[in-house]
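What follows is the content of coords_12.csv (CSV, C-alpha atoms and all ligand atoms).
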chain,number,residue,atom,x,y,z
O,1,MET,CA,0.0,0.0,0.0
O,2,GLY,CA,2.7,2.4,-1.1
O,3,SER,CA,0.4,5.3,-1.6
O,4,ILE,CA,-1.1,5.4,1.9
O,5,TYR,CA,0.8,6.8,4.9
O,6,LYS,CA,-0.5,6.5,8.4
O,7,ASN,CA,1.2,7.8,11.5
O,8,GLY,CA,0.1,10.8,13.6
O,9,ILE,CA,-2.0,11.9,10.6
O,10,GLY,CA,-3.0,9.7,7.6
O,11,VAL,CA,-2.4,10.7,4.0
O,12,SER,CA,-3.3,8.9,0.8
O,13,ILE,CA,-2.6,9.9,-2.8
O,14,PHE,CA,-4.3,8.5,-5.8
O,15,GLY,CA,-4.4,8.9,-9.6
O,16,GLU,CA,-2.4,8.6,-12.7
O,17,SER,CA,-0.8,11.2,-14.9
O,18,HIS,CA,-3.3,10.8,-17.8
O,19,GLY,CA,-6.3,9.5,-15.9
O,20,GLU,CA,-9.4,11.5,-15.1
O,21,ALA,CA,-8.0,13.2,-12.0
O,22,ILE,CA,-5.5,12.9,-9.2
O,23,GLY,CA,-6.2,13.6,-5.6
O,24,GLY,CA,-5.9,12.6,-2.0
O,25,VAL,CA,-7.4,12.1,1.4
O,26,ILE,CA,-6.0,13.5,4.7
O,27,ASP,CA,-7.2,11.8,7.9
O,28,GLY,CA,-6.6,13.1,11.4
O,29,PHE,CA,-6.1,16.7,10.4
O,30,PRO,CA,-6.9,19.1,13.2
O,31,SER,CA,-10.4,20.7,13.2
O,32,GLY,CA,-11.1,24.4,13.2
O,33,VAL,CA,-8.3,25.4,10.8
O,34,GLU,CA,-9.5,28.2,8.5
O,35,ILE,CA,-8.7,27.4,4.9
O,36,ASP,CA,-6.6,30.1,3.2
O,37,MET,CA,-7.3,29.1,-0.4
O,38,ASP,CA,-5.3,32.0,-1.8
O,39,HIS,CA,-2.1,30.8,0.0
O,40,ILE,CA,-2.8,27.2,-1.0
O,41,LEU,CA,-3.3,28.2,-4.7
O,42,TRP,CA,-0.1,30.3,-4.6
O,43,LEU,CA,1.8,27.3,-3.3
O,44,MET,CA,0.3,25.0,-5.9
O,45,ASP,CA,1.1,27.5,-8.6
O,46,ARG,CA,4.8,27.3,-7.7
O,47,ARG,CA,4.8,23.6,-8.7
O,48,ARG,CA,2.5,23.9,-11.7
O,49,PRO,CA,4.0,22.9,-15.1
O,50,GLY,CA,4.1,25.1,-18.2
O,51,LYS,CA,5.2,28.4,-16.7
O,52,ASN,CA,8.7,28.8,-18.1
O,53,LYS,CA,11.4,27.1,-20.2
O,54,MET,CA,12.8,25.3,-17.1
O,55,SER,CA,9.5,23.3,-16.9
O,56,THR,CA,7.6,20.9,-19.1
O,57,THR,CA,5.2,22.7,-21.5
O,58,ARG,CA,2.2,20.6,-20.2
O,59,LYS,CA,-0.3,23.2,-19.1
O,60,GLU,CA,-2.5,22.4,-16.1
O,61,THR,CA,-4.6,24.7,-13.9
O,62,ASP,CA,-4.1,22.6,-10.8
O,63,ILE,CA,-7.0,23.9,-8.8
O,64,PRO,CA,-8.0,21.4,-6.1
O,65,ARG,CA,-11.7,20.7,-5.6
O,66,ILE,CA,-12.3,19.8,-1.9
O,67,LEU,CA,-15.0,17.1,-1.6
O,68,SER,CA,-15.2,16.7,2.2
O,69,GLY,CA,-13.7,17.7,5.5
O,70,VAL,CA,-14.2,21.4,5.1
O,71,PHE,CA,-17.4,23.2,6.2
O,72,ASN,CA,-18.0,27.0,6.2
O,73,GLY,CA,-14.3,27.5,5.4
O,74,PHE,CA,-13.0,25.6,8.4
O,75,THR,CA,-11.6,22.0,8.6
O,76,THR,CA,-14.1,19.7,10.4
O,77,GLY,CA,-11.5,17.1,11.7
O,78,THR,CA,-13.0,14.4,9.5
O,79,PRO,CA,-11.2,13.2,6.4
O,80,ILE,CA,-10.4,15.9,3.9
O,81,SER,CA,-10.7,14.6,0.4
O,82,PHE,CA,-9.9,16.5,-2.8
O,83,VAL,CA,-9.4,16.0,-6.5
O,84,ILE,CA,-7.4,17.9,-9.1
O,85,GLU,CA,-8.5,17.4,-12.7
O,86,ASN,CA,-6.1,16.3,-15.4
O,87,ASN,CA,-6.9,18.6,-18.3
O,88,ASN,CA,-3.9,18.6,-20.5
O,89,LYS,CA,-3.2,15.0,-21.6
O,90,LYS,CA,-1.4,13.8,-24.7
O,91,SER,CA,-1.3,10.1,-24.2
O,92,LYS,CA,-0.2,9.2,-27.7
O,93,ASP,CA,3.2,10.5,-26.9
O,94,TYR,CA,3.7,7.6,-24.5
O,95,SER,CA,2.2,4.6,-26.4
O,96,LYS,CA,5.6,3.1,-27.3
O,97,LEU,CA,6.8,3.2,-23.7
O,98,MET,CA,4.6,0.2,-22.9
O,99,ASN,CA,7.1,-2.1,-24.6
O,100,THR,CA,10.3,0.1,-24.5
O,101,PRO,CA,10.7,1.3,-20.9
O,102,ARG,CA,12.5,4.7,-20.3
O,103,PRO,CA,15.9,4.3,-18.5
O,104,SER,CA,15.7,5.5,-14.9
O,105,HIS,CA,11.9,6.0,-14.8
O,106,GLY,CA,9.3,3.7,-13.2
O,107,ASP,CA,8.1,2.2,-16.5
O,108,TYR,CA,10.0,-1.2,-16.2
O,109,SER,CA,9.8,-1.7,-12.4
O,110,GLY,CA,6.1,-0.7,-12.4
O,111,LEU,CA,5.3,-3.0,-15.3
O,112,ILE,CA,6.9,-6.0,-13.5
O,113,LYS,CA,5.2,-5.1,-10.2
O,114,TYR,CA,1.7,-4.7,-11.7
O,115,LYS,CA,2.1,-7.6,-14.2
O,116,GLY,CA,1.6,-5.3,-17.2
O,117,PHE,CA,-1.7,-3.8,-16.0
O,118,ASN,CA,-0.2,-0.5,-14.9
O,119,ASP,CA,-1.4,2.7,-16.6
O,120,TYR,CA,1.9,3.7,-18.3
O,121,ARG,CA,0.6,6.9,-19.9
O,122,GLY,CA,2.7,9.8,-18.9
O,123,GLY,CA,4.4,7.7,-16.2
O,124,GLY,CA,1.0,6.7,-14.7
O,125,HIS,CA,1.2,6.7,-10.9
O,126,PHE,CA,5.0,7.3,-11.0
O,127,SER,CA,4.6,10.7,-12.7
O,128,GLY,CA,5.8,13.9,-11.2
O,129,ARG,CA,2.2,15.0,-11.6
O,130,LEU,CA,1.3,13.0,-8.5
O,131,THR,CA,3.3,15.5,-6.4
O,132,ALA,CA,0.4,18.1,-6.9
O,133,PRO,CA,-1.7,16.4,-4.2
O,134,ILE,CA,1.4,16.4,-1.9
O,135,VAL,CA,1.7,20.2,-2.4
O,136,PHE,CA,-2.0,20.7,-1.5
O,137,ILE,CA,-1.8,18.5,1.6
O,138,GLY,CA,1.5,20.2,2.6
O,139,ALA,CA,-0.1,23.7,2.1
O,140,LEU,CA,-2.8,22.7,4.7
O,141,CYS,CA,-0.1,21.4,7.1
O,142,GLU,CA,1.9,24.6,6.6
O,143,GLN,CA,-1.0,26.7,7.7
O,144,VAL,CA,-1.1,24.8,11.0
O,145,LEU,CA,2.7,24.9,11.4
O,146,ASN,CA,2.8,28.7,10.8
O,147,SER,CA,0.2,29.3,13.5
O,148,ASN,CA,2.4,27.2,15.8
O,149,GLY,CA,5.4,29.4,15.1
O,150,ILE,CA,7.1,26.9,12.7
O,151,LYS,CA,8.3,27.9,9.3
O,152,VAL,CA,9.4,25.5,6.5
O,153,PHE,CA,11.2,26.6,3.4
O,154,SER,CA,13.6,25.2,0.8
O,155,LYS,CA,16.1,26.7,-1.5
O,156,VAL,CA,18.2,25.6,-4.4
O,157,GLU,CA,21.6,24.4,-3.1
O,158,SER,CA,23.0,23.5,-6.4
O,159,ILE,CA,22.1,22.6,-10.0
O,160,GLY,CA,24.5,20.9,-12.4
O,161,GLY,CA,27.4,21.5,-10.0
O,162,ILE,CA,26.8,25.3,-9.7
O,163,TYR,CA,26.3,26.1,-6.0
O,164,ASP,CA,24.3,29.0,-4.6
O,165,THR,CA,25.7,30.9,-1.6
O,166,ASP,CA,24.7,29.7,1.9
O,167,ILE,CA,22.2,31.4,4.2
O,168,GLU,CA,24.5,33.1,6.8
O,169,SER,CA,21.8,33.8,9.4
O,170,LEU,CA,18.2,32.7,9.7
O,171,ASP,CA,17.4,35.6,12.0
O,172,ALA,CA,15.1,38.0,10.1
O,173,PHE,CA,15.6,36.0,6.9
O,174,ASP,CA,13.0,37.0,4.3
O,175,ILE,CA,11.4,33.7,3.4
O,176,ARG,CA,8.6,35.3,1.3
O,177,LYS,CA,11.2,37.0,-1.0
O,178,LEU,CA,13.0,33.8,-1.5
O,179,ARG,CA,9.8,31.9,-2.2
O,180,ASN,CA,8.6,34.5,-4.8
O,181,LYS,CA,11.6,33.9,-7.0
O,182,LYS,CA,11.3,31.7,-10.1
O,183,LEU,CA,14.4,29.9,-8.9
O,184,PRO,CA,14.5,30.2,-5.1
O,185,LEU,CA,18.2,30.9,-4.3
O,186,LEU,CA,20.1,33.8,-2.8
O,187,SER,CA,22.5,35.0,-5.5
O,188,ASP,CA,20.8,36.4,-8.6
O,189,GLU,CA,24.0,36.2,-10.4
O,190,ILE,CA,24.3,32.5,-9.7
O,191,GLY,CA,20.6,32.1,-10.5
O,192,LYS,CA,21.3,33.5,-14.0
O,193,LYS,CA,24.2,31.1,-14.5
O,194,ILE,CA,22.0,28.2,-13.5
O,195,GLU,CA,19.1,29.3,-15.7
O,196,GLU,CA,21.6,29.5,-18.7
O,197,SER,CA,23.0,26.1,-17.9
O,198,ILE,CA,19.4,24.6,-17.7
O,199,GLU,CA,18.6,26.2,-21.1
O,200,GLU,CA,21.8,24.8,-22.6
O,201,VAL,CA,20.9,21.3,-21.4
O,202,ARG,CA,17.3,21.7,-22.7
O,203,LYS,CA,18.6,22.7,-26.1
O,204,GLN,CA,20.8,19.5,-26.1
O,205,GLY,CA,17.7,17.4,-25.4
O,206,ASP,CA,19.3,16.5,-22.1
O,207,SER,CA,18.5,17.0,-18.4
O,208,ILE,CA,20.4,17.9,-15.2
O,209,GLY,CA,20.2,17.2,-11.5
O,210,GLY,CA,20.6,19.3,-8.4
O,211,SER,CA,20.3,19.6,-4.7
O,212,VAL,CA,17.7,21.3,-2.4
O,213,LYS,CA,18.3,22.5,1.1
O,214,THR,CA,15.4,22.8,3.5
O,215,TYR,CA,15.1,24.7,6.8
O,216,ILE,CA,12.5,23.9,9.5
O,217,VAL,CA,12.6,26.8,11.9
O,218,GLY,CA,10.8,27.2,15.3
O,219,LEU,CA,10.5,23.5,16.3
O,220,LYS,CA,11.1,23.1,20.0
O,221,ALA,CA,13.6,20.8,21.6
O,222,GLY,CA,12.6,17.3,22.7
O,223,LEU,CA,10.5,16.0,19.9
O,224,GLY,CA,11.1,12.7,18.2
O,225,ASN,CA,12.5,9.5,19.6
O,226,PRO,CA,15.7,7.5,19.8
O,227,ILE,CA,16.5,4.4,17.7
O,228,PHE,CA,13.7,3.4,15.4
O,229,ASP,CA,11.4,6.4,15.5
O,230,ASN,CA,14.1,9.0,15.1
O,231,ILE,CA,13.3,12.3,13.2
O,232,GLU,CA,15.9,11.7,10.5
O,233,GLY,CA,14.3,8.3,9.5
O,234,HIS,CA,10.8,9.8,9.8
O,235,LEU,CA,11.5,12.7,7.5
O,236,ALA,CA,13.7,10.7,5.1
O,237,ARG,CA,11.0,8.1,4.6
O,238,LEU,CA,8.6,10.9,3.5
O,239,LEU,CA,11.2,12.7,1.5
O,240,PHE,CA,12.0,9.6,-0.5
O,241,SER,CA,8.3,9.5,-1.5
O,242,VAL,CA,9.1,12.4,-3.8
O,243,PRO,CA,10.0,10.9,-7.2
O,244,GLY,CA,13.5,11.7,-8.3
O,245,ILE,CA,15.0,12.2,-4.8
O,246,LYS,CA,18.0,9.9,-4.5
O,247,SER,CA,19.8,11.0,-1.3
O,248,VAL,CA,18.8,12.7,2.0
O,249,GLU,CA,21.3,14.3,4.3
O,250,PHE,CA,20.9,16.1,7.6
O,251,GLY,CA,23.1,19.0,8.6
O,252,LEU,CA,26.6,18.4,7.4
O,253,GLY,CA,25.5,15.0,6.0
O,254,LYS,CA,28.2,13.1,4.2
O,255,ASP,CA,30.8,15.8,4.9
O,256,PHE,CA,30.9,14.5,8.5
O,257,ALA,CA,32.9,11.6,7.1
O,258,ARG,CA,36.0,13.8,6.4
O,259,SER,CA,35.7,15.9,9.6
O,260,LYS,CA,37.3,16.0,13.0
O,261,GLY,CA,35.0,16.2,16.1
O,262,SER,CA,36.8,19.4,17.1
O,263,GLU,CA,35.8,21.0,13.8
O,264,VAL,CA,32.1,19.9,13.7
O,265,ASN,CA,30.8,19.4,17.2
O,266,ASP,CA,27.9,21.8,17.8
O,267,GLU,CA,29.0,23.5,21.1
O,268,PHE,CA,26.3,24.9,23.4
O,269,TYR,CA,25.6,28.3,24.8
O,270,TYR,CA,22.8,30.2,26.5
O,271,GLU,CA,21.0,33.1,24.7
O,272,ASN,CA,18.3,34.8,26.8
O,273,GLY,CA,18.0,31.7,28.9
O,274,ILE,CA,17.5,29.4,25.9
O,275,VAL,CA,20.1,26.7,25.1
O,276,LYS,CA,21.4,27.0,21.5
O,277,THR,CA,24.4,25.8,19.6
O,278,TYR,CA,27.0,28.0,17.9
O,279,THR,CA,27.0,25.8,14.8
O,280,ASN,CA,24.2,23.5,13.5
O,281,ASN,CA,26.2,20.8,11.8
O,282,ASN,CA,23.8,18.1,13.1
O,283,GLY,CA,20.9,19.8,11.4
O,284,GLY,CA,18.9,20.3,14.6
O,285,ILE,CA,18.7,16.6,15.6
O,286,ASN,CA,20.7,14.7,18.2
O,287,GLY,CA,19.9,11.1,19.2
O,288,GLY,CA,16.8,11.2,16.9
O,289,ILE,CA,15.3,14.0,18.9
O,290,SER,CA,15.1,17.8,18.0
O,291,ASN,CA,17.6,20.0,19.9
O,292,GLY,CA,15.7,23.3,19.3
O,293,MET,CA,18.0,24.4,16.5
O,294,PRO,CA,16.5,24.5,12.9
O,295,ILE,CA,16.2,21.1,11.3
O,296,VAL,CA,18.2,21.3,8.1
O,297,HIS,CA,18.1,18.6,5.4
O,298,THR,CA,19.5,18.5,1.9
O,299,VAL,CA,18.2,16.2,-0.9
O,300,ALA,CA,19.8,15.3,-4.2
O,301,MET,CA,17.4,15.2,-7.1
O,302,LYS,CA,18.5,13.2,-10.1
O,303,PRO,CA,18.3,14.6,-13.7
O,304,THR,CA,14.9,14.1,-15.3
O,305,PRO,CA,14.9,10.6,-16.6
O,306,SER,CA,13.0,11.5,-19.8
O,307,ILE,CA,15.6,13.0,-22.2
O,308,PHE,CA,15.3,13.5,-25.9
O,309,LYS,CA,18.7,12.1,-26.7
O,310,ASN,CA,18.9,8.6,-28.1
O,311,GLN,CA,19.1,6.0,-25.4
O,312,ARG,CA,19.5,2.2,-25.2
O,313,THR,CA,16.6,0.1,-23.9
O,314,VAL,CA,14.9,-3.2,-24.4
O,315,ASP,CA,11.8,-4.1,-26.5
O,316,LEU,CA,9.8,-6.3,-24.1
O,317,LYS,CA,7.6,-7.6,-27.0
O,318,THR,CA,10.4,-8.7,-29.3
O,319,GLY,CA,13.0,-9.5,-26.7
O,320,GLU,CA,15.6,-7.4,-28.5
O,321,ASN,CA,18.0,-4.6,-27.4
O,322,VAL,CA,16.8,-1.4,-29.2
O,323,ASP,CA,17.3,2.3,-29.3
O,324,LEU,CA,14.8,4.7,-27.7
O,325,GLN,CA,13.8,8.2,-28.8
O,326,ILE,CA,11.5,9.7,-26.2
O,327,GLU,CA,8.7,12.1,-27.2
O,328,GLY,CA,6.4,14.1,-24.9
O,329,ARG,CA,6.9,17.0,-22.5
O,330,HIS,CA,9.5,16.9,-19.7
O,331,ASP,CA,11.3,19.3,-17.4
O,332,PRO,CA,15.0,19.6,-18.3
O,333,CYS,CA,15.6,20.0,-14.6
O,334,ILE,CA,13.2,18.7,-11.9
O,335,VAL,CA,14.6,20.9,-9.1
O,336,PRO,CA,12.6,24.2,-9.6
O,337,ARG,CA,9.2,22.4,-9.5
O,338,ALA,CA,10.3,19.9,-6.8
O,339,ILE,CA,11.1,22.7,-4.3
O,340,PRO,CA,7.5,23.3,-3.3
O,341,VAL,CA,7.0,19.5,-3.1
O,342,ILE,CA,10.0,19.2,-0.8
O,343,GLU,CA,8.6,22.0,1.4
O,344,ALA,CA,5.2,20.3,1.4
O,345,ILE,CA,6.4,16.8,2.3
O,346,SER,CA,8.6,18.3,5.1
O,347,SER,CA,5.5,20.2,6.4
O,348,ILE,CA,3.5,17.0,6.3
O,349,GLY,CA,6.3,15.2,8.3
O,350,ILE,CA,6.5,17.9,11.0
O,351,LEU,CA,2.7,18.2,11.4
O,352,ASP,CA,2.5,14.4,11.6
O,353,LEU,CA,5.2,14.5,14.4
O,354,LEU,CA,3.4,17.2,16.3
O,355,VAL,CA,0.0,15.5,16.1
O,356,LYS,CA,1.6,12.1,17.2
O,357,GLU,CA,3.3,13.7,20.2
O,358,GLY,CA,0.2,15.8,21.1
O,359,GLU,CA,2.3,19.0,20.8
O,360,LEU,CA,-0.1,21.2,18.7
O,361,ARG,CA,-1.2,24.5,20.2
X,401,LIG,C1,7.9,17.9,-9.7
X,401,LIG,C2,8.5,16.7,-10.4
X,401,LIG,C3,8.4,16.7,-11.8
X,401,LIG,C4,8.9,15.7,-12.6
X,401,LIG,N1,8.8,15.7,-13.9
X,401,LIG,C5,9.3,14.7,-14.7
X,401,LIG,C6,9.3,14.7,-16.1
X,401,LIG,O1,8.8,15.7,-16.7
X,401,LIG,N2,9.8,13.7,-16.8
X,401,LIG,C7,10.4,12.6,-16.1
X,401,LIG,O2,10.8,11.7,-16.8
X,401,LIG,N3,10.4,12.5,-14.8
X,401,LIG,C8,9.9,13.5,-14.0
X,401,LIG,N4,10.0,13.5,-12.7
X,401,LIG,C9,10.7,12.4,-12.0
X,401,LIG,C10,10.0,11.0,-12.1
X,401,LIG,O3,8.7,11.1,-11.7
X,401,LIG,C11,10.8,10.0,-11.3
X,401,LIG,O4,12.2,10.0,-11.7
X,401,LIG,C12,10.3,8.6,-11.6
X,401,LIG,O5,9.0,8.5,-11.1
X,401,LIG,C13,11.2,7.4,-11.0
X,401,LIG,O6,11.3,7.6,-9.6
X,401,LIG,P1,12.7,7.7,-8.9
X,401,LIG,O7,13.5,8.7,-9.7
X,401,LIG,O8,12.4,8.1,-7.5
X,401,LIG,O9,13.3,6.3,-9.0
X,401,LIG,C14,9.5,14.5,-11.9
X,401,LIG,C15,9.5,14.5,-10.5
X,401,LIG,C16,9.0,15.6,-9.8
X,401,LIG,C17,9.1,15.6,-8.3
Since I need it in another form, could you write the structure as structure tokens?
Amino acid sequence: MGSIYKNGIGVSIFGESHGEAIGGVIDGFPSGVEIDMDHILWLMDRRRPGKNKMSTTRKETDIPRILSGVFNGFTTGTPISFVIENNNKKSKDYSKLMNTPRPSHGDYSGLIKYKGFNDYRGGGHFSGRLTAPIVFIGALCEQVLNSNGIKVFSKVESIGGIYDTDIESLDAFDIRKLRNKKLPLLSDEIGKKIEESIEEVRKQGDSIGGSVKTYIVGLKAGLGNPIFDNIEGHLARLLFSVPGIKSVEFGLGKDFARSKGSEVNDEFYYENGIVKTYTNNNGGINGGISNGMPIVHTVAMKPTPSIFKNQRTVDLKTGENVDLQIEGRHDPCIVPRAIPVIEAISSIGILDLLVKEGELR
């Protein structure tokens, strides 16, 4: 049951890229939350395809229709269900993928798993389109987190090996300004270089990967658990549900492996009676439990699997090795559209944790 998640809250996602609609159900969401549809639609719009050259030309309106769980503009506490119509389908582009799976996509593994009955059109249930319901659910969760003093935001760390500058201080950091950018990163100069490199890759019919850094600010110390129910594992499990994410790191991540304790230990100090750490190399988590510093994680997104260059694959009908020329509409780089999805899944994970531990105000 890979598309159903149940912990503090329950979340299920349904649909296929070229089916009638996609959507989801959220169970256990707090009652009495006033729905801010403008904010939700703004967040959904950040993920929406067809807005610029960095994204696929598929045009979708992505307006969720809420079917239950909201009454007079407030959540009722009973399951919230919603659908998002698929309006812009071009299924003929994908017909040959049934027998010649795309390298690095879910075509082959999905076909084997579902014994050939999977809806392969547009990647079916494995499509990036299935992240639209995640953004809607995450937007609802974000509203609750914000009213509990918690902020979640992501930025481009790197694309194609070009790195943005790091945030020096989160104090008074303008999250809204960052989020309003087409490419949410700090340096406009680096942003321009990255855009040029994505455009270059697009012209070559290729794709490029990148990394995304996320900050969860305002979470108090003492949440989470040691050993099996640690926060890293909890968030990583959810983050890996975003298609295309291939690594998750917390704080300094794999750079710990080449460091000395004296260089990377997060030393404590008091600030106005609150225990803080001078550095945050552990990304806000020690022993699986929050330490009161921002939770910081970084994910690596692979290059979009569907590229327009010639690739080698197999013909499952004839049993031969063949060449594949992909058609259809694909992002040359997943990162820009994945950013709101990574924020959303992180918000879902944190709300889930707070509900489970009875820590919501
Ligand atoms: C927002 C978003 C958009 C995506 N768009 C595309 C796309 O246009 N073409 C494509 O081949 N893959 C796209 N992907 C990635 C595939 O869905 C993903 O690589 C595939 O399902 C296989 O899963 P895996 O990479 O996690 O193994 C997208 C992913 C996300 C998060």
>> List the spatial neighbours of Ser81 of chain O as a list in words - criterion: any atom at most 6 Å away, only C-alpha atoms, same-chain residues fewer than 5 positions off excluded.
In response: Gly24, Val25, Ile66, Leu67 and Ser68 of chain O
Export, as a compact mmCIF listing (two decimals), in the frame of the given file, the selected residues with C-alpha atoms.
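The file below, part-v6.txt, is the result:
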# COMPACT_ATOMS: atom_id res chain seq x y z
CA GLY O 24 -5.90 12.60 -2.00
CA VAL O 25 -7.40 12.10 1.40
CA ILE O 66 -12.30 19.80 -1.90
CA LEU O 67 -15.00 17.10 -1.60
CA SER O 68 -15.20 16.70 2.20
>> Please determine, counting only C-alpha atoms and all ligand atoms, which residue among O:Glu263, O:Asp45, O:Glu16, O:Asp107 has the shortest atom-to-atom distance to ligand LIG 401 (chain X).
In response: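 Of all the options, O:Asp107 lies closest to ligand LIG 401 (chain X).
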>> So that I can see what lies close to Ile307 of chain O, please list as JSON, numbers by chain the residues with an atom at most 7 Å from it, counting all atoms listed in the file and leaving out residues fewer than 3 positions away in the same chain.
In response: {"O": [205, 206, 207, 326]}
> Quick one: residues within 7 Å of Ser187 of chain O, only C-alpha atoms counted, chain neighbours fewer than 4 positions away excluded, as a count of residues only?
Replying inline: 3
Closest atom pairs, chain O residues within 6 Å of ligand LIG 401 (chain X), only C-alpha atoms and all ligand atoms, as a Markdown table:
| residue | atom | partner | partner_atom | distance |
| --- | --- | --- | --- | --- |
| O:Thr56 | CA | X:LIG401 | O1 | 5.9 |
| O:His105 | CA | X:LIG401 | C13 | 4.1 |
| O:Gly106 | CA | X:LIG401 | C13 | 4.7 |
| O:Phe126 | CA | X:LIG401 | O5 | 4.2 |
| O:Ser127 | CA | X:LIG401 | O3 | 4.2 |
| O:Gly128 | CA | X:LIG401 | C15 | 3.8 |
| O:Val242 | CA | X:LIG401 | C17 | 5.5 |
| O:Pro243 | CA | X:LIG401 | O8 | 3.7 |
| O:Gly244 | CA | X:LIG401 | O7 | 3.3 |
| O:Ile245 | CA | X:LIG401 | O8 | 5.6 |
| O:Thr304 | CA | X:LIG401 | N3 | 4.8 |
| O:Pro305 | CA | X:LIG401 | O2 | 4.2 |
| O:Ser306 | CA | X:LIG401 | O2 | 3.7 |
| O:His330 | CA | X:LIG401 | O1 | 3.3 |
| O:Asp331 | CA | X:LIG401 | O1 | 4.4 |
| O:Ile334 | CA | X:LIG401 | C3 | 5.2 |
| O:Arg337 | CA | X:LIG401 | C1 | 4.7 |
| O:Ala338 | CA | X:LIG401 | C1 | 4.3 |
> Near Gly124 of chain O, within 9 Å and counting only C-alpha atoms, which residues show up once chain neighbours fewer than 5 positions away are dropped, as a ChimeraX atom specification?
Replying inline: /O:15-19,106-107,118-119,129-130
Interface rows for segment 235-350 of chain O against segment 131-143 of chain O: nearest pair, Å to one decimal, 6 Å, all atoms listed in the file, as a Markdown table:
| residue | atom | partner | partner_atom | distance |
| --- | --- | --- | --- | --- |
| O:Val341 | CA | O:Val135 | CA | 5.4 |
| O:Ala344 | CA | O:Gly138 | CA | 3.9 |
| O:Ile345 | CA | O:Gly138 | CA | 6.0 |
| O:Ser347 | CA | O:Gly138 | CA | 5.5 |
| O:Ile348 | CA | O:Gly138 | CA | 5.3 |
> Using only C-alpha atoms, which residue out of O:Leu145, O:Ile84, O:Asn321, O:Trp42 lies closest to Asp352 of chain O?
Replying inline: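 With only C-alpha atoms as the atom set, the closest residue is O:Leu145.
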>> One decimal, in Å: what's the spacing between atom CA of Val314 of chain O and atom CA of Pro332 of chain O?
In response: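 These atoms are spaced 23.6 Å apart.
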>> One decimal, in Å: what's the spacing between atom CA of Ser262 of chain O and atom CA of Gly233 of chain O?
In response: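 Atom CA of Ser262 of chain O sits 26.2 Å away from atom CA of Gly233 of chain O.
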> Taking (29.1, 17.1, 6.0) in the file's coordinates, which residues come within 12 Å, counting all atoms listed in the file, written as a list in words?
Replying inline: Val248, Glu249, Phe250, Gly251, Leu252, Gly253, Lys254, Asp255, Phe256, Ala257, Arg258, Ser259, Lys260, Gly261, Glu263, Val264, Asn265, Asn280, Asn281, Asn282, Gly283, Val296, His297 and Thr298 of chain O
Give me, as a PDB file with C-alpha atoms, keeping the file's coordinate frame, all polymer residues having an atom no more than 7 Å from Pro340 of chain O, counting only C-alpha atoms and skipping those fewer than 5 positions away in the same chain.
ATOM      1  CA  LEU O  43       1.800  27.300  -3.300  1.00  0.00           C
ATOM      2  CA  ARG O  46       4.800  27.300  -7.700  1.00  0.00           C
ATOM      3  CA  ARG O  47       4.800  23.600  -8.700  1.00  0.00           C
ATOM      4  CA  VAL O 135       1.700  20.200  -2.400  1.00  0.00           C
TER       5      VAL O 135
END
Starting from the sparse input, extend segment 11-21 of chain O to N, CA and C atoms and give the output as a CSV table (one decimal), in the coordinates of the input.
chain,number,residue,atom,x,y,z
O,11,VAL,N,-2.4,10.0,5.3
O,11,VAL,CA,-2.4,10.7,4.0
O,11,VAL,C,-2.4,9.6,2.9
O,12,SER,N,-3.3,9.8,2.0
O,12,SER,CA,-3.3,8.9,0.8
O,12,SER,C,-3.3,9.7,-0.5
O,13,ILE,N,-2.7,9.2,-1.5
O,13,ILE,CA,-2.6,9.9,-2.8
O,13,ILE,C,-3.1,9.0,-3.8
O,14,PHE,N,-3.9,9.4,-4.8
O,14,PHE,CA,-4.3,8.5,-5.8
O,14,PHE,C,-4.3,9.2,-7.2
O,15,GLY,N,-4.3,8.4,-8.2
O,15,GLY,CA,-4.4,8.9,-9.6
O,15,GLY,C,-3.3,8.5,-10.5
O,16,GLU,N,-3.5,8.8,-11.7
O,16,GLU,CA,-2.4,8.6,-12.7
O,16,GLU,C,-2.3,9.8,-13.6
O,17,SER,N,-1.1,10.0,-14.2
O,17,SER,CA,-0.8,11.2,-14.9
O,17,SER,C,-1.9,11.6,-16.0
O,18,HIS,N,-2.3,10.5,-16.7
O,18,HIS,CA,-3.3,10.8,-17.8
O,18,HIS,C,-4.6,10.2,-17.5
O,19,GLY,N,-5.0,9.9,-16.3
O,19,GLY,CA,-6.3,9.5,-15.9
O,19,GLY,C,-7.2,10.7,-15.8
O,20,GLU,N,-8.4,10.5,-15.2
O,20,GLU,CA,-9.4,11.5,-15.1
O,20,GLU,C,-8.9,12.6,-14.2
O,21,ALA,N,-8.4,12.2,-13.0
O,21,ALA,CA,-8.0,13.2,-12.0
O,21,ALA,C,-7.0,12.5,-11.1
